[in-house]
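Here's the structure, in structure tokens; my notes come after.
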Amino acid sequence: MECPHLGSSVCIAPDSAKFPNGSPSSWCCSVCRSNKSPWVCLTCSSVHCGRYVNGHAKKHYEDAQVPLTNHKKSEKQDKAQHTVCMDCSSYSTYCYRCDDFVVNDTKLGLVQKVREHLQNLENSAFTADRHRKRKLLENSSLNSKLLKVNGSTTAICATGLRNLGNTCFMNAILQSLSNIEQFCCYFKELPAVELRNGKTAGRRTYHTRSQGDNNVSLVEEFRKTLCALWQGSPTAFSPESLFYVVWKIMPNFRGYQQQDAHEFMRYLLDHLHLELQGGFNGVSRSAILQENSTLSASNKCCINGASTVVTAIFGGVLQNEVNCLICGTESRKFDPFLDLSLDIPSQFRNKRSKNQENGPVCSLRDCLRSFTDLEELDETELYMCHKCKKKQKSTKKFWIQKLPKVLCLHLKRFHWTAYLRNKVDTYVEFPLRGLDMKCYLLEPENSGPENCLYDLAAVVVHHGSGVGSGHYTAFATHEGRWFHFNDSTVTLTDEETVLKAKAYILFYVERQAKAGSDKL
């Protein structure tokens with residue numbers, strides 16, 4: 001959102017000596033001394049906690065507005081409104097009068113300068129802390145970085161992703177994709193592309209539309225992010241450069257409001273595919289992206305033209321078969337897909353937990369069967385029969401003509417009612433290994449027994465009641481171990497915990513021939 005209050009609210013010097021000592025992310029609230037979710041006022045540089053802690057940052061703004069109700073307020077009081085503050089961890093900016101996150105800057109670029117100053121303070125504190133820890137490690141064992149797993153000592157190599165302001169939807173998808181080995185390795189092995197030079201060389205970019213740089217590469221920033229996630233850094237990686245590119249080429253995701261993880265995944269894969277196609281065809285990548293920046297997530301994947309790693313790994317083909325119930329005419333159409341969106345059958349929608357006793361548990365097989373079963377189209381979906389030359393009642397059935405190497409299954413948990421988009425919170429049972437897709441194939445006899453078996457690689461979970469709220473986390477397996485990714489926090493977990501999750505998106509990888517033969 002473009003905020004009109006920055007000129008009267010951003011009054012502090014970018015290198016203000018009024019800032020507390022230490023790293024900004026650990027600054028304490030001046031009222032309750034909590035160091036959780038610190039926000040700095042850009043009018044007076046005081047630090048308070050966010051609304052989800054004790055709400056002292058908002059109270060500071062409200063208290064500052066009391067003198068403004070007096071008709072004899074001074075000109076100084078009128079200018080200093082204390083309405084804008086900055087998150088000391090993600091450096092996102094919020095205006096209390098607009099009640100929204102801010103994407104613009106003052107004419108002098110003061111917001112960006114304060115942001116860079118806080119980043120420098122954070123980096124300095126981190127460097128000092130790392131030096132101190134290194135000295136301690138030299139004089140002690142490395143047990144603090146190791147965990148016991150099945151009796152053996154193993155180092156944790158996974159890295160979390162910092163939340164930049166309701167960006168958990170992006171973090172969950174990135175962590176899931178980073179654990180799909182074929183896909184991740186392709187990008188990590190790409191050569192680096194240097195897009196910046198001159199005065200901006202080596203400087204970090206932040207998610208702000210005040211910068212007019214059009215020469216951005218989603219593929220390059222995606223590559224950098226994937227490379228950072230498995231380097232074993234104990235500090236969470238901040239994907240602000242990738243998020244900046246997302247803002248540039250995917251306008252739907254500008255701002256800091258919660259977004260749908262599945263919609264983001266579709267946009268991300270589509271744009272990666274388009275940019276890679278542009279590189280293959282000798283066309284400017286940024287030109288390709290800008291021309292296609294209005295892609296709809298409801299579209300089937302734009303996979304015409306040259307094949308890319310996106311379509312080679314996630315791409316499958318559906319056969320859509322429609323039969324006229326009056327004359328029996330059959331119509332067949334082949335549709336490419338990158339993922340399958342599955343309804344949760346209505347008879348299971350009130351069953352919220354695995355252990356609830358009201359009827360059988362909904363399984364992933366039930367959702368797949370509902371997707372591929374023969375259905376009669378209702379009056380609003382009459383089929384235009386070319387033989388009858390008018391719209392007629394018909395039946396429809398999907399077959400999978402070609403299975404992908406990575407099968408992405410999206411469970412449709414959000415449904416529109418008259419005015420609201422409600423969440424279907426039903427627990428859906430899914431297998432960790434041996435998901436057998438053979439019975440859904442158009443020509444199962446042409447597929448080998450192993451080619452139809454899939455093992456789970458990652459799960460995205462939505463916690464909360466609505467698509468515009470709540471929180472996203474992900475489970476993923478790496479080198480035989482399951483991890484839980486919750487933004488900057490990464491923890492080892494077990495298969496039992498994964499199986500209890502209320503999955504939103506499931507990533508299944510095609511089993512190699514040498515694997516076992518256990519089936520769903």
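Residue numbers start at 1 in each chain; chains themselves are named A, B, ... in the order of the structure tokens; ligands are numbered from 1 in the order shown.
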
List every residue of range 320-508 of chain A that DSSP, applied to the backbone, labels as strand (DSSP E or B), and write the result as a CSV table (one decimal) with N, CA, C and O atoms, in the first residue's frame.
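And here is the file that came out, selection-v9.csv:
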```csv
chain,number,residue,atom,x,y,z
A,320,ASN,N,-9.6,-35.6,-20.6
A,320,ASN,CA,-11.0,-35.2,-20.2
A,320,ASN,C,-12.0,-35.8,-21.1
A,320,ASN,O,-12.0,-35.5,-22.3
A,321,GLU,N,-12.8,-36.7,-20.6
A,321,GLU,CA,-13.7,-37.5,-21.5
A,321,GLU,C,-15.2,-37.0,-21.2
A,321,GLU,O,-15.6,-37.2,-20.0
A,322,VAL,N,-15.9,-36.5,-22.2
A,322,VAL,CA,-17.3,-36.0,-22.0
A,322,VAL,C,-18.2,-36.8,-22.9
A,322,VAL,O,-17.9,-36.9,-24.1
A,323,ASN,N,-19.3,-37.3,-22.4
A,323,ASN,CA,-20.2,-38.1,-23.2
A,323,ASN,C,-21.6,-37.5,-23.1
A,323,ASN,O,-22.2,-37.2,-22.0
A,324,CYS,N,-22.2,-37.2,-24.3
A,324,CYS,CA,-23.6,-36.7,-24.4
A,324,CYS,C,-24.5,-37.8,-24.0
A,324,CYS,O,-24.5,-38.9,-24.5
A,330,GLU,N,-19.1,-38.9,-27.9
A,330,GLU,CA,-17.9,-38.8,-27.0
A,330,GLU,C,-16.9,-37.8,-27.4
A,330,GLU,O,-16.6,-37.7,-28.6
A,331,SER,N,-16.5,-37.0,-26.5
A,331,SER,CA,-15.5,-35.9,-26.8
A,331,SER,C,-14.3,-36.1,-25.9
A,331,SER,O,-14.5,-36.3,-24.6
A,332,ARG,N,-13.1,-36.1,-26.4
A,332,ARG,CA,-11.9,-36.3,-25.6
A,332,ARG,C,-11.0,-35.1,-25.8
A,332,ARG,O,-10.8,-34.6,-26.9
A,333,LYS,N,-10.4,-34.7,-24.7
A,333,LYS,CA,-9.4,-33.6,-24.8
A,333,LYS,C,-8.3,-33.9,-23.8
A,333,LYS,O,-8.5,-34.4,-22.7
A,334,PHE,N,-7.1,-33.5,-24.2
A,334,PHE,CA,-5.9,-33.8,-23.4
A,334,PHE,C,-5.5,-32.4,-22.8
A,334,PHE,O,-5.3,-31.4,-23.5
A,335,ASP,N,-5.3,-32.4,-21.4
A,335,ASP,CA,-4.9,-31.2,-20.7
A,335,ASP,C,-3.6,-31.4,-20.0
A,335,ASP,O,-3.6,-32.3,-19.1
A,336,PRO,N,-2.6,-30.6,-20.2
A,336,PRO,CA,-1.4,-30.7,-19.3
A,336,PRO,C,-1.7,-30.2,-17.9
A,336,PRO,O,-2.5,-29.3,-17.7
A,337,PHE,N,-0.9,-30.7,-17.0
A,337,PHE,CA,-1.1,-30.2,-15.6
A,337,PHE,C,0.3,-30.2,-14.9
A,337,PHE,O,1.2,-31.0,-15.2
A,340,LEU,N,-2.6,-31.5,-9.3
A,340,LEU,CA,-4.0,-31.9,-9.4
A,340,LEU,C,-4.7,-31.4,-8.1
A,340,LEU,O,-4.2,-31.6,-7.0
A,341,SER,N,-5.8,-30.6,-8.3
A,341,SER,CA,-6.6,-30.1,-7.2
A,341,SER,C,-7.7,-31.1,-6.9
A,341,SER,O,-8.6,-31.3,-7.7
A,342,LEU,N,-7.7,-31.6,-5.7
A,342,LEU,CA,-8.7,-32.6,-5.3
A,342,LEU,C,-9.7,-32.1,-4.3
A,342,LEU,O,-9.3,-31.5,-3.3
A,343,ASP,N,-11.0,-32.4,-4.6
A,343,ASP,CA,-12.0,-32.1,-3.6
A,343,ASP,C,-12.0,-33.1,-2.5
A,343,ASP,O,-11.7,-34.3,-2.7
A,362,CYS,N,-11.4,-40.1,6.1
A,362,CYS,CA,-11.2,-39.8,4.7
A,362,CYS,C,-9.7,-40.1,4.3
A,362,CYS,O,-8.8,-39.7,5.1
A,363,SER,N,-9.5,-40.7,3.2
A,363,SER,CA,-8.2,-41.0,2.7
A,363,SER,C,-7.9,-40.3,1.4
A,363,SER,O,-8.8,-39.8,0.7
A,375,GLU,N,-18.9,-38.5,-13.4
A,375,GLU,CA,-19.9,-37.6,-12.8
A,375,GLU,C,-20.8,-37.0,-13.9
A,375,GLU,O,-20.4,-36.8,-15.0
A,376,GLU,N,-22.1,-36.8,-13.5
A,376,GLU,CA,-23.0,-36.2,-14.4
A,376,GLU,C,-23.0,-34.7,-14.2
A,376,GLU,O,-23.2,-34.2,-13.0
A,383,TYR,N,-23.2,-29.5,-21.8
A,383,TYR,CA,-22.2,-29.8,-22.8
A,383,TYR,C,-22.8,-29.4,-24.2
A,383,TYR,O,-23.9,-29.8,-24.5
A,384,MET,N,-22.0,-28.6,-25.0
A,384,MET,CA,-22.4,-28.3,-26.3
A,384,MET,C,-22.1,-29.5,-27.2
A,384,MET,O,-20.9,-29.7,-27.6
A,385,CYS,N,-23.1,-30.3,-27.5
A,385,CYS,CA,-22.9,-31.5,-28.4
A,385,CYS,C,-22.9,-31.0,-29.9
A,385,CYS,O,-23.9,-30.4,-30.3
A,390,LYS,N,-26.7,-28.6,-29.9
A,390,LYS,CA,-27.2,-27.7,-28.8
A,390,LYS,C,-26.6,-28.3,-27.5
A,390,LYS,O,-26.0,-29.4,-27.5
A,391,LYS,N,-26.8,-27.5,-26.4
A,391,LYS,CA,-26.3,-27.9,-25.1
A,391,LYS,C,-27.1,-29.1,-24.6
A,391,LYS,O,-28.4,-29.0,-24.6
A,392,GLN,N,-26.5,-30.1,-24.1
A,392,GLN,CA,-27.2,-31.3,-23.6
A,392,GLN,C,-26.6,-31.8,-22.3
A,392,GLN,O,-25.4,-31.4,-21.9
A,394,SER,N,-24.7,-34.3,-19.9
A,394,SER,CA,-23.6,-35.1,-20.2
A,394,SER,C,-22.9,-35.6,-19.0
A,394,SER,O,-23.2,-35.2,-17.9
A,395,THR,N,-22.0,-36.6,-19.2
A,395,THR,CA,-21.2,-37.1,-18.1
A,395,THR,C,-19.7,-36.7,-18.4
A,395,THR,O,-19.3,-36.5,-19.5
A,396,LYS,N,-18.9,-36.6,-17.3
A,396,LYS,CA,-17.5,-36.3,-17.5
A,396,LYS,C,-16.7,-37.2,-16.6
A,396,LYS,O,-17.1,-37.6,-15.5
A,397,LYS,N,-15.5,-37.6,-17.2
A,397,LYS,CA,-14.6,-38.4,-16.4
A,397,LYS,C,-13.1,-38.0,-16.8
A,397,LYS,O,-12.8,-37.7,-17.9
A,398,PHE,N,-12.3,-38.0,-15.7
A,398,PHE,CA,-10.9,-37.7,-16.0
A,398,PHE,C,-10.1,-39.0,-15.9
A,398,PHE,O,-10.3,-39.9,-15.0
A,399,TRP,N,-9.1,-39.1,-16.8
A,399,TRP,CA,-8.1,-40.2,-16.7
A,399,TRP,C,-6.7,-39.5,-16.7
A,399,TRP,O,-6.6,-38.4,-17.3
A,400,ILE,N,-5.8,-40.1,-16.1
A,400,ILE,CA,-4.4,-39.6,-16.2
A,400,ILE,C,-3.7,-40.3,-17.3
A,400,ILE,O,-3.5,-41.5,-17.3
A,401,GLN,N,-3.4,-39.5,-18.4
A,401,GLN,CA,-2.7,-40.1,-19.6
A,401,GLN,C,-1.2,-40.3,-19.4
A,401,GLN,O,-0.6,-41.2,-19.9
A,402,LYS,N,-0.6,-39.3,-18.6
A,402,LYS,CA,0.8,-39.4,-18.3
A,402,LYS,C,1.1,-38.9,-16.9
A,402,LYS,O,0.6,-37.8,-16.5
A,406,VAL,N,7.2,-35.9,-10.4
A,406,VAL,CA,6.8,-35.4,-9.0
A,406,VAL,C,5.3,-35.1,-9.1
A,406,VAL,O,4.9,-34.2,-9.9
A,407,LEU,N,4.5,-35.8,-8.4
A,407,LEU,CA,3.1,-35.7,-8.4
A,407,LEU,C,2.7,-34.7,-7.2
A,407,LEU,O,2.9,-35.0,-6.0
A,408,CYS,N,2.2,-33.6,-7.6
A,408,CYS,CA,1.8,-32.6,-6.6
A,408,CYS,C,0.3,-32.6,-6.5
A,408,CYS,O,-0.5,-32.4,-7.4
A,409,LEU,N,-0.2,-32.9,-5.3
A,409,LEU,CA,-1.7,-33.0,-5.0
A,409,LEU,C,-2.1,-31.9,-4.0
A,409,LEU,O,-1.6,-31.8,-2.9
A,410,HIS,N,-3.0,-31.1,-4.5
A,410,HIS,CA,-3.6,-30.0,-3.7
A,410,HIS,C,-5.0,-30.4,-3.2
A,410,HIS,O,-5.9,-30.7,-4.0
A,411,LEU,N,-5.1,-30.4,-1.9
A,411,LEU,CA,-6.5,-30.7,-1.3
A,411,LEU,C,-7.2,-29.4,-1.2
A,411,LEU,O,-6.7,-28.4,-0.5
A,412,LYS,N,-8.4,-29.3,-1.8
A,412,LYS,CA,-9.2,-28.1,-1.8
A,412,LYS,C,-9.9,-27.8,-0.5
A,412,LYS,O,-11.0,-28.3,-0.3
A,414,PHE,N,-10.4,-24.8,0.9
A,414,PHE,CA,-11.1,-23.5,1.0
A,414,PHE,C,-12.3,-23.5,-0.1
A,414,PHE,O,-12.0,-23.6,-1.2
A,415,HIS,N,-13.5,-23.2,0.4
A,415,HIS,CA,-14.7,-23.2,-0.4
A,415,HIS,C,-15.5,-21.9,-0.2
A,415,HIS,O,-15.6,-21.5,1.0
A,416,TRP,N,-16.0,-21.4,-1.2
A,416,TRP,CA,-16.8,-20.2,-1.1
A,416,TRP,C,-18.2,-20.5,-0.7
A,416,TRP,O,-18.8,-21.4,-1.3
A,421,ARG,N,-15.2,-17.3,2.4
A,421,ARG,CA,-14.4,-18.5,1.9
A,421,ARG,C,-14.1,-19.3,3.1
A,421,ARG,O,-13.2,-18.9,3.9
A,422,ASN,N,-14.7,-20.4,3.3
A,422,ASN,CA,-14.6,-21.2,4.5
A,422,ASN,C,-13.6,-22.3,4.3
A,422,ASN,O,-13.3,-22.8,3.2
A,423,LYS,N,-13.0,-22.8,5.4
A,423,LYS,CA,-12.0,-23.8,5.4
A,423,LYS,C,-12.6,-25.2,5.7
A,423,LYS,O,-13.4,-25.3,6.7
A,428,VAL,N,-7.3,-35.8,6.4
A,428,VAL,CA,-7.2,-36.7,5.2
A,428,VAL,C,-6.0,-37.6,5.4
A,428,VAL,O,-4.8,-37.1,5.5
A,429,GLU,N,-6.2,-38.9,5.5
A,429,GLU,CA,-5.1,-39.9,5.7
A,429,GLU,C,-4.3,-40.0,4.4
A,429,GLU,O,-4.9,-40.2,3.3
A,435,LEU,N,2.3,-44.8,-2.7
A,435,LEU,CA,1.1,-44.3,-3.3
A,435,LEU,C,1.0,-44.9,-4.7
A,435,LEU,O,1.8,-44.6,-5.6
A,436,ASP,N,0.0,-45.8,-4.9
A,436,ASP,CA,-0.1,-46.5,-6.2
A,436,ASP,C,-1.1,-45.7,-7.1
A,436,ASP,O,-2.3,-45.7,-6.8
A,441,LEU,N,-4.8,-44.5,-14.3
A,441,LEU,CA,-4.2,-44.3,-15.6
A,441,LEU,C,-5.1,-44.7,-16.7
A,441,LEU,O,-5.9,-45.6,-16.6
A,453,LEU,N,4.3,-46.0,-8.6
A,453,LEU,CA,4.4,-45.9,-7.2
A,453,LEU,C,5.2,-44.6,-6.8
A,453,LEU,O,6.2,-44.2,-7.4
A,454,TYR,N,4.6,-43.9,-5.8
A,454,TYR,CA,5.2,-42.6,-5.4
A,454,TYR,C,5.4,-42.6,-3.8
A,454,TYR,O,4.6,-43.2,-3.1
A,455,ASP,N,6.5,-42.0,-3.4
A,455,ASP,CA,6.8,-41.8,-2.0
A,455,ASP,C,6.8,-40.3,-1.7
A,455,ASP,O,7.2,-39.5,-2.5
A,456,LEU,N,6.3,-40.0,-0.5
A,456,LEU,CA,6.1,-38.6,-0.1
A,456,LEU,C,7.4,-37.9,0.2
A,456,LEU,O,8.3,-38.5,0.8
A,457,ALA,N,7.5,-36.7,-0.4
A,457,ALA,CA,8.8,-35.9,-0.2
A,457,ALA,C,8.5,-34.7,0.7
A,457,ALA,O,9.4,-34.3,1.4
A,458,ALA,N,7.3,-34.1,0.6
A,458,ALA,CA,7.0,-32.9,1.4
A,458,ALA,C,5.5,-32.7,1.6
A,458,ALA,O,4.7,-33.2,0.7
A,459,VAL,N,5.2,-32.0,2.6
A,459,VAL,CA,3.8,-31.7,2.9
A,459,VAL,C,3.7,-30.2,3.4
A,459,VAL,O,4.4,-29.8,4.3
A,460,VAL,N,2.8,-29.5,2.8
A,460,VAL,CA,2.5,-28.1,3.3
A,460,VAL,C,1.2,-28.2,4.1
A,460,VAL,O,0.2,-28.8,3.7
A,461,VAL,N,1.2,-27.5,5.3
A,461,VAL,CA,0.1,-27.6,6.2
A,461,VAL,C,-0.4,-26.1,6.4
A,461,VAL,O,0.5,-25.2,6.7
A,462,HIS,N,-1.7,-25.9,6.4
A,462,HIS,CA,-2.2,-24.6,6.8
A,462,HIS,C,-2.9,-24.7,8.2
A,462,HIS,O,-3.7,-25.6,8.4
A,463,HIS,N,-2.4,-23.9,9.1
A,463,HIS,CA,-3.0,-23.9,10.5
A,463,HIS,C,-3.9,-22.6,10.6
A,463,HIS,O,-3.5,-21.5,10.3
A,471,HIS,N,-1.5,-19.7,9.4
A,471,HIS,CA,-0.1,-19.8,9.3
A,471,HIS,C,0.2,-21.1,8.5
A,471,HIS,O,-0.5,-22.1,8.6
A,472,TYR,N,1.3,-21.0,7.7
A,472,TYR,CA,1.7,-22.2,6.9
A,472,TYR,C,3.1,-22.7,7.4
A,472,TYR,O,4.0,-22.0,7.8
A,473,THR,N,3.2,-24.1,7.5
A,473,THR,CA,4.4,-24.7,7.8
A,473,THR,C,4.6,-25.9,6.8
A,473,THR,O,3.7,-26.2,6.1
A,474,ALA,N,5.7,-26.5,6.8
A,474,ALA,CA,6.0,-27.6,5.9
A,474,ALA,C,6.7,-28.7,6.6
A,474,ALA,O,7.6,-28.5,7.5
A,475,PHE,N,6.4,-30.0,6.2
A,475,PHE,CA,7.2,-31.1,6.6
A,475,PHE,C,7.9,-31.6,5.3
A,475,PHE,O,7.3,-31.6,4.2
A,476,ALA,N,9.2,-32.0,5.4
A,476,ALA,CA,9.9,-32.5,4.3
A,476,ALA,C,11.0,-33.5,4.7
A,476,ALA,O,11.5,-33.4,5.8
A,477,THR,N,11.2,-34.5,3.8
A,477,THR,CA,12.3,-35.5,4.1
A,477,THR,C,13.5,-35.2,3.4
A,477,THR,O,13.5,-34.8,2.2
A,478,HIS,N,14.7,-35.3,4.1
A,478,HIS,CA,16.0,-35.1,3.5
A,478,HIS,C,16.9,-36.1,4.0
A,478,HIS,O,17.2,-36.2,5.2
A,481,ARG,N,15.6,-38.4,6.8
A,481,ARG,CA,15.1,-37.8,8.0
A,481,ARG,C,14.0,-36.8,7.7
A,481,ARG,O,14.1,-36.1,6.7
A,482,TRP,N,13.0,-36.7,8.6
A,482,TRP,CA,11.9,-35.7,8.4
A,482,TRP,C,12.2,-34.5,9.2
A,482,TRP,O,12.6,-34.6,10.4
A,483,PHE,N,12.0,-33.3,8.6
A,483,PHE,CA,12.1,-32.0,9.2
A,483,PHE,C,10.8,-31.3,9.2
A,483,PHE,O,10.0,-31.5,8.3
A,484,HIS,N,10.6,-30.5,10.2
A,484,HIS,CA,9.5,-29.5,10.3
A,484,HIS,C,10.0,-28.1,10.1
A,484,HIS,O,10.9,-27.7,10.8
A,485,PHE,N,9.5,-27.4,9.0
A,485,PHE,CA,10.0,-26.1,8.7
A,485,PHE,C,8.9,-25.1,9.1
A,485,PHE,O,7.8,-25.1,8.5
A,486,ASN,N,9.2,-24.3,10.1
A,486,ASN,CA,8.3,-23.3,10.6
A,486,ASN,C,9.0,-21.9,10.5
A,486,ASN,O,9.6,-21.5,11.5
A,489,THR,N,12.5,-21.5,12.1
A,489,THR,CA,12.7,-22.6,13.0
A,489,THR,C,12.7,-23.9,12.2
A,489,THR,O,11.7,-24.2,11.6
A,490,VAL,N,13.7,-24.7,12.4
A,490,VAL,CA,13.7,-26.1,11.7
A,490,VAL,C,14.0,-27.1,12.8
A,490,VAL,O,15.0,-27.0,13.6
A,491,THR,N,13.1,-28.1,12.9
A,491,THR,CA,13.3,-29.1,13.9
A,491,THR,C,13.2,-30.5,13.3
A,491,THR,O,12.5,-30.7,12.3
A,492,LEU,N,13.9,-31.5,13.8
A,492,LEU,CA,13.8,-32.8,13.4
A,492,LEU,C,12.5,-33.4,13.9
A,492,LEU,O,12.1,-33.0,15.1
A,493,THR,N,11.8,-34.2,13.2
A,493,THR,CA,10.5,-34.8,13.6
A,493,THR,C,10.5,-36.2,13.2
A,493,THR,O,11.5,-36.8,12.7
A,503,ALA,N,-2.9,-32.2,5.8
A,503,ALA,CA,-2.2,-31.8,4.6
A,503,ALA,C,-3.0,-30.8,3.8
A,503,ALA,O,-4.2,-31.0,3.6
A,504,TYR,N,-2.3,-29.8,3.2
A,504,TYR,CA,-2.9,-28.9,2.2
A,504,TYR,C,-2.4,-29.2,0.8
A,504,TYR,O,-3.1,-29.3,-0.2
A,505,ILE,N,-1.0,-29.4,0.7
A,505,ILE,CA,-0.4,-29.7,-0.5
A,505,ILE,C,0.6,-30.9,-0.2
A,505,ILE,O,1.3,-30.8,0.7
A,506,LEU,N,0.5,-31.9,-1.1
A,506,LEU,CA,1.4,-33.1,-0.9
A,506,LEU,C,2.3,-33.2,-2.1
A,506,LEU,O,1.8,-33.2,-3.3
A,507,PHE,N,3.6,-33.4,-1.9
A,507,PHE,CA,4.5,-33.7,-3.0
A,507,PHE,C,5.0,-35.1,-3.0
A,507,PHE,O,5.7,-35.5,-2.0
A,508,TYR,N,4.6,-35.9,-4.0
A,508,TYR,CA,5.1,-37.3,-4.1
A,508,TYR,C,6.1,-37.4,-5.2
A,508,TYR,O,5.9,-36.9,-6.3
```

Handout entry: Point-to-point distance from CA of Cys388 in chain A to CA of Thr372 in chain A, Å rounded to tenths
Key = 26.3 Å

Exercise for the section: Go ahead and compute the interatomic distance for CA of Tyr94 in chain A and CA of His60 in chain A, in Å to one decimal. Expected result: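 CA of His60 in chain A lies 13.6 Å from CA of Tyr94 in chain A.
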
Handout entry: Near-Lys188 in chain A list (9 Å; only C-alpha atoms; drop same-chain fewer than 3 positions) as a ChimeraX atom specification
Key = /A:184-185,191,223-224,226-227

Handout entry: Pick from A:Pro404, A:Lys393, A:Leu42, A:Lys113 nearest to Leu325 in chain A, counting only C-alpha atoms
Key =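 The shortest atom-to-atom distance to Leu325 in chain A comes from A:Lys393.
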
Practice task
Report the distance between CA of Pro345 in chain A and CA of Gln258 in chain A in Å, rounded to one decimal place.
Solution key: 26.7 Å

Problem - Non-local contacts of Cys44 in chain A (10 Å; only C-alpha atoms; under 4 positions in same chain excluded) as JSON, numbers by chain - result: {"A": [9, 10, 11, 12, 13, 16, 18, 19, 40, 80, 81, 82, 85]}

Would you mind exporting the chosen residues as a short mmCIF file (atom, residue, chain, number, x, y, z; two decimals), in the first residue's frame, restricted to N, CA and C atoms?
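result-v1.cif, written as the output of this step:
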```cif
data_model
loop_
_atom_site.label_atom_id
_atom_site.label_comp_id
_atom_site.auth_asym_id
_atom_site.auth_seq_id
_atom_site.Cartn_x
_atom_site.Cartn_y
_atom_site.Cartn_z
N SER A 9 5.56 11.49 9.43
CA SER A 9 5.81 10.51 10.49
C SER A 9 7.25 10.01 10.56
N VAL A 10 7.98 10.01 9.45
CA VAL A 10 9.35 9.53 9.46
C VAL A 10 10.27 10.72 9.71
N CYS A 11 10.70 10.86 10.97
CA CYS A 11 11.46 12.04 11.38
C CYS A 11 12.85 11.73 11.92
N ILE A 12 13.16 10.45 12.14
CA ILE A 12 14.44 10.14 12.78
C ILE A 12 15.55 10.06 11.74
N ALA A 13 16.77 10.36 12.19
CA ALA A 13 17.93 10.25 11.31
C ALA A 13 18.23 8.77 11.11
N SER A 16 20.51 7.28 13.71
CA SER A 16 20.19 7.88 14.99
C SER A 16 20.91 7.19 16.15
N LYS A 18 19.91 7.40 19.03
CA LYS A 18 18.87 7.06 20.00
C LYS A 18 18.53 5.57 19.98
N PHE A 19 18.96 4.86 18.94
CA PHE A 19 18.65 3.43 18.86
C PHE A 19 19.32 2.69 20.02
N VAL A 40 10.22 -0.44 15.94
CA VAL A 40 10.79 0.86 16.25
C VAL A 40 9.94 1.95 15.60
N ALA A 80 4.50 15.53 14.02
CA ALA A 80 5.00 14.29 14.59
C ALA A 80 3.84 13.41 15.04
N GLN A 81 3.47 12.47 14.23
CA GLN A 81 2.26 11.70 14.49
C GLN A 81 2.53 10.28 15.00
N HIS A 82 3.77 9.80 14.96
CA HIS A 82 4.12 8.48 15.50
C HIS A 82 3.25 7.38 14.88
N CYS A 85 5.89 2.63 11.92
CA CYS A 85 6.94 1.91 12.65
C CYS A 85 7.52 0.83 11.75
#
```

Problem - Which of A:Arg254, A:Arg115, A:His48, A:Arg33 sits closest to Tyr61 in chain A [using only C-alpha atoms] - result: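 Of A:Arg254, A:Arg115, A:His48, A:Arg33, the one nearest Tyr61 in chain A, counting only C-alpha atoms, is A:His48.
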
Practice task
Check the smallest atom-to-atom distance from each of A:Val509, A:Val53, A:Ile344, A:Leu382 to Ser176 in chain A using only C-alpha atoms, then report the winner.
Solution key: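 Checking each candidate against Ser176 in chain A, we get A:Val509 as the closest.
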
Practice task
Enumerate as a PyMOL selection string all residues of range 362-394 of chain A assigned to helix (DSSP H, G or I) by DSSP on the backbone, naming them with the chain letters and numbers the document uses.
Solution key: chain A and resi 364-372+379-381

Selected residues written out with C-alpha atoms, as a PDB file, in the first residue's frame:
```
ATOM      1  CA  LEU A 364      -6.174 -39.617  -0.149  1.00  0.00           C
ATOM      2  CA  ARG A 365      -7.542 -42.514  -2.217  1.00  0.00           C
ATOM      3  CA  ASP A 366     -11.091 -41.219  -1.538  1.00  0.00           C
ATOM      4  CA  CYS A 367     -10.084 -37.786  -2.872  1.00  0.00           C
ATOM      5  CA  LEU A 368      -8.413 -39.275  -5.957  1.00  0.00           C
ATOM      6  CA  ARG A 369     -11.406 -41.510  -6.615  1.00  0.00           C
ATOM      7  CA  SER A 370     -13.742 -38.508  -6.344  1.00  0.00           C
ATOM      8  CA  PHE A 371     -11.570 -36.658  -8.868  1.00  0.00           C
ATOM      9  CA  THR A 372     -11.514 -39.483 -11.433  1.00  0.00           C
ATOM     10  CA  GLU A 379     -27.711 -27.809 -15.427  1.00  0.00           C
ATOM     11  CA  THR A 380     -25.152 -25.012 -15.186  1.00  0.00           C
ATOM     12  CA  GLU A 381     -22.518 -27.084 -17.032  1.00  0.00           C
TER      13      GLU A 381
END
```

Exercise for the section: Please identify all polymer residues within 8 Å of Gln231 in chain A, counting only C-alpha atoms, omitting same-chain residues fewer than 2 positions from it, and present them as a ChimeraX atom specification. Expected result: /A:157-159,227-229,233

Practice task
Name the closest residue to Met170 in chain A among the candidates A:Arg266, A:Arg97, A:Lys389, A:Lys58; distances are taken between atoms, counting only C-alpha atoms.
Solution key: A:Arg266
